[in-house]
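**Student:** This is coords.cif (mmCIF, C-alpha atoms (C1' of nucleotides)).
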```cif
data_work
#
loop_
_atom_site.label_atom_id
_atom_site.label_comp_id
_atom_site.auth_asym_id
_atom_site.auth_seq_id
_atom_site.Cartn_x
_atom_site.Cartn_y
_atom_site.Cartn_z
CA MET A 745 16.30 6.43 -17.17
CA THR A 746 14.48 9.59 -16.09
CA LEU A 747 11.16 9.84 -14.29
CA ALA A 748 9.53 11.25 -17.41
CA GLU A 749 10.81 8.31 -19.47
CA LEU A 750 9.59 5.83 -16.87
CA LEU A 751 6.11 7.35 -16.85
CA ARG A 752 5.78 7.09 -20.60
CA GLY A 753 4.80 3.42 -20.28
CA GLY A 754 1.53 1.85 -19.20
CA VAL A 755 0.94 0.68 -15.64
CA HIS A 756 2.16 -2.86 -16.35
CA GLU A 757 5.49 -1.48 -17.55
CA VAL A 758 5.82 1.21 -14.90
CA ALA A 759 5.03 -1.02 -11.89
CA PRO A 760 7.87 -3.56 -12.33
CA ALA A 761 10.24 -0.85 -13.59
CA LEU A 762 9.63 1.23 -10.45
CA VAL A 763 11.07 -1.48 -8.20
CA GLY A 764 14.61 -0.49 -7.24
CA TRP A 765 14.00 3.27 -7.54
CA THR A 766 14.67 5.44 -4.51
CA LEU A 767 11.76 7.48 -3.15
CA LEU A 768 12.50 10.33 -0.77
CA VAL A 769 10.14 12.79 0.88
CA ASP A 770 11.99 15.66 2.49
CA GLY A 771 15.15 13.58 2.37
CA VAL A 772 13.54 10.61 4.13
CA GLY A 773 12.79 7.27 2.47
CA GLY A 774 14.45 4.39 0.67
CA ARG A 775 14.51 1.88 -2.13
CA ILE A 776 11.17 0.68 -3.49
CA VAL A 777 11.03 -3.10 -3.05
CA GLU A 778 7.31 -3.86 -3.46
CA VAL A 779 4.47 -2.37 -5.54
CA GLU A 780 1.14 -3.42 -7.03
CA ALA A 781 -0.41 -2.41 -10.35
CA TYR A 782 -4.04 -1.23 -10.51
CA ALA A 783 -5.03 -1.09 -14.15
CA GLN A 784 -7.82 0.14 -16.35
CA ASP A 785 -10.83 -2.20 -16.43
CA ASP A 786 -9.56 -3.68 -13.16
CA PRO A 787 -12.35 -4.55 -10.71
CA ALA A 788 -9.94 -4.10 -7.79
CA SER A 789 -9.04 -0.53 -8.78
CA HIS A 790 -10.63 2.49 -7.16
CA ALA A 791 -11.00 3.92 -10.66
CA PHE A 792 -13.01 0.95 -11.93
CA GLY A 793 -16.40 2.61 -11.52
CA GLY A 794 -15.36 5.90 -13.09
CA GLU A 795 -14.26 9.21 -11.66
CA THR A 796 -15.45 10.26 -8.19
CA VAL A 797 -14.35 12.84 -5.64
CA ARG A 798 -12.02 10.38 -3.93
CA ASN A 799 -10.22 8.98 -6.99
CA ALA A 800 -10.06 12.19 -9.06
CA THR A 801 -6.26 12.28 -8.83
CA MET A 802 -6.05 8.95 -10.68
CA PHE A 803 -7.74 10.62 -13.63
CA GLY A 804 -5.19 13.44 -13.65
CA PRO A 805 -1.66 13.61 -15.07
CA PRO A 806 0.81 10.74 -14.49
CA GLY A 807 3.62 11.13 -11.99
CA HIS A 808 1.39 12.57 -9.30
CA LEU A 809 0.59 10.99 -5.94
CA TYR A 810 -2.82 9.47 -5.25
CA VAL A 811 -3.30 9.14 -1.47
CA TYR A 812 -6.43 7.66 0.09
CA ARG A 813 -7.51 6.51 3.55
CA SER A 814 -7.60 2.77 4.10
CA TYR A 815 -9.77 1.04 6.69
CA GLY A 816 -10.41 4.40 8.35
CA LEU A 817 -6.97 4.45 9.98
CA HIS A 818 -4.16 4.27 7.47
CA TRP A 819 -3.07 6.17 4.39
CA CYS A 820 -2.00 4.45 1.16
CA ALA A 821 -0.02 6.09 -1.66
CA ASN A 822 0.00 5.43 -5.40
CA VAL A 823 1.96 6.73 -8.38
CA VAL A 824 -0.56 7.78 -11.03
CA CYS A 825 0.08 6.18 -14.45
CA GLU A 826 -0.98 6.84 -17.98
CA GLN A 827 -3.18 4.08 -19.35
CA PRO A 828 -4.65 4.94 -22.74
CA GLY A 829 -7.70 7.02 -21.92
CA ARG A 830 -8.24 5.56 -18.46
CA ALA A 831 -6.97 5.95 -14.90
CA ALA A 832 -4.35 3.59 -13.47
CA GLY A 833 -1.90 3.60 -10.61
CA VAL A 834 0.92 1.82 -8.82
CA LEU A 835 0.42 1.20 -5.09
CA LEU A 836 3.62 1.70 -3.08
CA ARG A 837 3.71 -1.26 -0.69
CA ALA A 838 7.22 -1.38 0.81
CA LEU A 839 10.59 0.38 0.94
CA GLU A 840 14.03 -0.68 2.09
CA PRO A 841 14.87 2.25 4.41
CA THR A 842 18.04 4.06 3.37
CA HIS A 843 17.62 7.76 4.23
CA GLY A 844 16.46 9.36 7.48
CA VAL A 845 16.06 6.04 9.29
CA ASP A 846 15.95 7.71 12.70
CA ARG A 847 13.15 10.04 11.62
CA MET A 848 11.18 7.06 10.35
CA ARG A 849 11.82 5.18 13.60
CA ALA A 850 10.46 8.14 15.55
CA ARG A 851 7.35 8.41 13.37
CA ARG A 852 6.66 4.68 13.61
CA GLY A 853 7.68 4.21 17.24
CA LEU A 854 9.78 1.21 16.23
CA THR A 855 13.42 0.22 16.09
CA ASP A 856 13.25 -2.77 13.72
CA VAL A 857 14.28 -1.38 10.33
CA ARG A 858 12.62 -4.26 8.50
CA LEU A 859 9.20 -3.14 9.76
CA LEU A 860 9.54 0.61 9.16
CA CYS A 861 8.13 0.60 5.61
CA ALA A 862 6.96 -3.02 5.18
CA GLY A 863 3.37 -2.38 4.09
CA PRO A 864 1.42 0.44 2.45
CA GLY A 865 0.10 1.92 5.70
CA ARG A 866 3.48 1.65 7.42
CA LEU A 867 5.24 3.25 4.45
CA THR A 868 3.03 6.34 4.48
CA GLN A 869 3.43 6.69 8.25
CA ALA A 870 7.24 6.48 7.98
CA LEU A 871 7.30 9.09 5.19
CA ALA A 872 4.62 11.25 6.88
CA LEU A 873 2.35 11.08 3.82
CA THR A 874 -1.34 11.92 4.38
CA GLY A 875 -4.38 13.00 2.45
CA ALA A 876 -2.80 16.44 2.31
CA ASP A 877 -0.31 14.99 -0.20
CA ASP A 878 -3.00 13.70 -2.55
CA GLY A 879 -2.36 15.15 -6.00
CA ALA A 880 1.25 16.18 -5.29
CA ASP A 881 3.73 16.21 -8.18
CA LEU A 882 6.44 13.59 -7.58
CA SER A 883 8.90 15.38 -9.86
CA ARG A 884 9.08 18.39 -7.52
CA PRO A 885 10.35 18.96 -3.98
CA PRO A 886 9.94 17.72 -1.33
CA PHE A 887 9.70 14.56 -3.43
CA ARG A 888 12.55 12.83 -5.16
CA LEU A 889 12.43 9.70 -7.33
CA ALA A 890 15.81 8.43 -8.51
CA PRO A 891 16.52 5.34 -10.64
CA PRO A 892 18.71 2.45 -9.49
CA ALA A 893 22.24 2.07 -10.84
CA THR A 894 21.27 -1.30 -12.25
CA PRO A 895 17.69 -2.56 -12.72
CA ALA A 896 16.29 -4.67 -9.86
CA VAL A 897 15.47 -8.36 -10.27
CA VAL A 898 11.69 -8.44 -9.91
CA GLU A 899 9.31 -11.25 -8.98
CA CYS A 900 5.62 -11.23 -9.85
CA THR A 901 2.94 -12.55 -7.43
CA PRO A 902 -0.79 -12.14 -6.74
CA ARG A 903 -1.90 -8.91 -5.08
CA ILE A 904 -2.56 -8.74 -1.34
CA GLY A 905 -5.61 -7.79 0.67
CA ILE A 906 -8.19 -7.52 -2.11
CA SER A 907 -11.31 -9.57 -2.80
CA ARG A 908 -11.96 -8.77 -6.45
CA ALA A 909 -9.60 -9.83 -9.25
CA ALA A 910 -7.32 -11.25 -6.54
CA GLU A 911 -5.90 -13.81 -8.95
CA ARG A 912 -4.20 -11.25 -11.18
CA PRO A 913 -0.42 -11.47 -10.57
CA TRP A 914 0.19 -7.75 -10.46
CA ARG A 915 2.28 -7.49 -7.29
CA TYR A 916 5.95 -6.87 -8.04
CA VAL A 917 8.62 -7.56 -5.43
CA GLU A 918 12.40 -7.25 -5.53
CA ALA A 919 13.75 -10.79 -5.48
CA GLY A 920 15.32 -11.76 -2.16
CA SER A 921 14.42 -8.53 -0.36
CA SER A 922 13.84 -8.87 3.39
CA PHE A 923 11.96 -5.55 3.50
CA SER A 924 8.74 -6.53 1.70
CA SER A 925 5.40 -6.64 3.49
CA ARG A 926 5.36 -10.44 3.61
CA ARG A 927 8.38 -12.39 4.67
CA ARG A 928 9.59 -14.96 2.19
CA ARG A 929 8.08 -18.37 2.91
CA ALA A 930 10.37 -20.95 4.40
CA ALA A 931 11.72 -23.38 1.83
"C1'" DC B 813 4.60 -19.24 14.03
"C1'" DA B 814 -0.63 -19.14 12.57
"C1'" DG B 815 -4.99 -17.47 13.20
"C1'" DT B 816 -8.43 -14.11 14.91
"C1'" DG B 817 -10.67 -9.81 15.86
"C1'" DG B 818 -10.94 -4.84 16.94
"C1'" DA B 819 -10.08 -0.01 15.77
"C1'" DT B 820 -11.99 3.52 12.75
"C1'" DG B 821 -13.77 6.80 8.78
"C1'" DC B 822 -15.00 7.48 4.40
"C1'" DT B 823 -17.13 6.21 -0.17
"C1'" DC B 824 -20.58 4.51 -2.82
"C1'" DT B 825 -25.12 1.65 -3.35
"C1'" DG C 340 -25.54 0.23 5.64
"C1'" DA C 341 -21.91 -2.54 3.62
"C1'" DG C 342 -17.37 -2.92 2.46
"C1'" DC C 343 -12.99 -1.91 2.31
"C1'" DA C 344 -5.67 -1.84 -1.93
"C1'" DT C 345 -4.44 -2.28 6.77
"C1'" DC C 346 -2.09 -2.85 11.15
"C1'" DC C 347 -1.48 -4.43 15.74
"C1'" DA C 348 -2.27 -7.05 19.87
"C1'" DC C 349 -3.60 -11.01 21.44
"C1'" DT C 350 -4.45 -15.98 21.60
"C1'" DG C 351 -2.99 -20.88 21.29
"C1'" DT C 352 0.60 -24.09 19.70
#
```
Represent the supplied structure as structure tokens.
**Tutor:**
Amino acid sequence: MTLAELLRGGVHEVAPALVGWTLLVDGVGGRIVEVEAYAQDDPASHAFGGETVRNATMFGPPGHLYVYRSYGLHWCANVVCEQPGRAAGVLLRALEPTHGVDRMRARRGLTDVRLLCAGPGRLTQALALTGADDGADLSRPPFRLAPPATPAVVECTPRIGISRAAERPWRYVEAGSSFSSRRRRAA
DNA sequence: CAGTGGATGCTCT
DNA sequence: GAGCATCCACTGT
């Protein structure tokens, strides 16, 4: 499957299908193990109230990066999706580090690989993504999005850290991954 | 391990 | 002026 083929679907198809893909920025990154879908007519989405200066990228072409500042300190990155007539996106929440691990360690000031990209703010710090990357085209360098050899096994859970529409099960996690933002609960 | 609170800046009402 | 699509350090078990 190519990136263009992936992006042909709506956000609820793209989000689970994106799990298992490898995301690299300047040769640094890893396997996507956790994402969340933010849909049209979704009270939790930045695009819910219509287009503004901040969310303009979500109303642009699919396959671009929507980056915004979170809680004044962190950056969060989304893949813009095509929803019929409306803006939608997939929040990148966690990667399993595979490429440039030492560069990510240096950027994060950490040695534990499981914590390098385990959360949306951590992921952007490890990949050095900032507001300067808002609107960037993911199909062009320095970005690279490559599909997995075989599709990932994906679990579906409620989204994290939101107060509106929190019950919608639009968080997609690779089953059994130890690199997601929340450790698997003890059995 | 679980729970709490502070840092910090920008957007929208 | 409120409210965040968060993270980390710190507390008490």
**Student:** Taking all atoms of range 819-824 of chain B that the file lists, what box with edges along x, y and z, padded by 4 Å per side, do you get, with centre and edge lengths in Å to one decimal, as lines of an AutoDock Vina configuration file?
**Tutor:**
```
center_x = -15.3
center_y = 3.7
center_z = 6.5
size_x = 18.5
size_y = 15.5
size_z = 26.6
```
**Student:** Nearest to chain B: which of A:Glu911, A:Glu826, A:Asp846, A:Glu795 is it, counting all atoms listed in the file?
**Tutor:**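 Closest candidate: A:Glu795.
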**Student:** Any idea what the distance is between CA of Ala761 in chain A and CA of Gln827 in chain A?
**Tutor:**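 So the answer is 15.4 Å.
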**Student:** Would you mind listing, as a list in words, all residues of chain A that have at least one atom within 9 Å of chain C, where all atoms listed in the file are what counts?
**Tutor:** Glu780, Tyr782, Ala788, Ser789, His790, Ser814, Tyr815, Leu817, His818, Trp819, Cys820, Leu835, Gly863, Pro864, Gly865, Arg866, Arg903, Ile904, Gly905 and Ile906 of chain A
**Student:** For the PyMOL selection byres ((chain B) within 10 of (chain A)), applied here, can you spell out every residue it catches as a list in words?
**Tutor:**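 With the shown file as input, the PyMOL selection byres ((chain B) within 10 of (chain A)) matches DA819, DT820, DG821, DC822, DT823 and DC824 of chain B.
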**Student:** With the file shown as input, list the residues that the PyMOL selection byres ((chain A and resi 845) around 10) selects, as a PyMOL selection string.
**Tutor:** chain A and resi 772-774+841-844+846-851+855+857+860+870
**Student:** Which residues fall under the PyMOL selection byres ((chain A and resi 862) around 8) in this file, as a ChimeraX atom specification?
**Tutor:** /A:837-839,858-861,863-864,866-867,923-926
**Student:** So how far away is CA of Pro891 in chain A from CA of Gly753 in chain A, in Å?
**Tutor:**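 Going from CA of Gly753 in chain A over to CA of Pro891 in chain A covers 15.3 Å.
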**Student:** In Å to one decimal, how far is CA of Ala872 in chain A from CA of Leu836 in chain A?
**Tutor:** 13.8 Å
**Student:** List the neighbours of range 892-900 of chain A out to 10 Å using only C-alpha atoms (C1' of nucleotides); skip same-chain residues closer than 2 positions along the sequence, and give me the result as a PyMOL selection string.
**Tutor:** chain A and resi 745+760-766+775-780+889-890+902-903+912-921
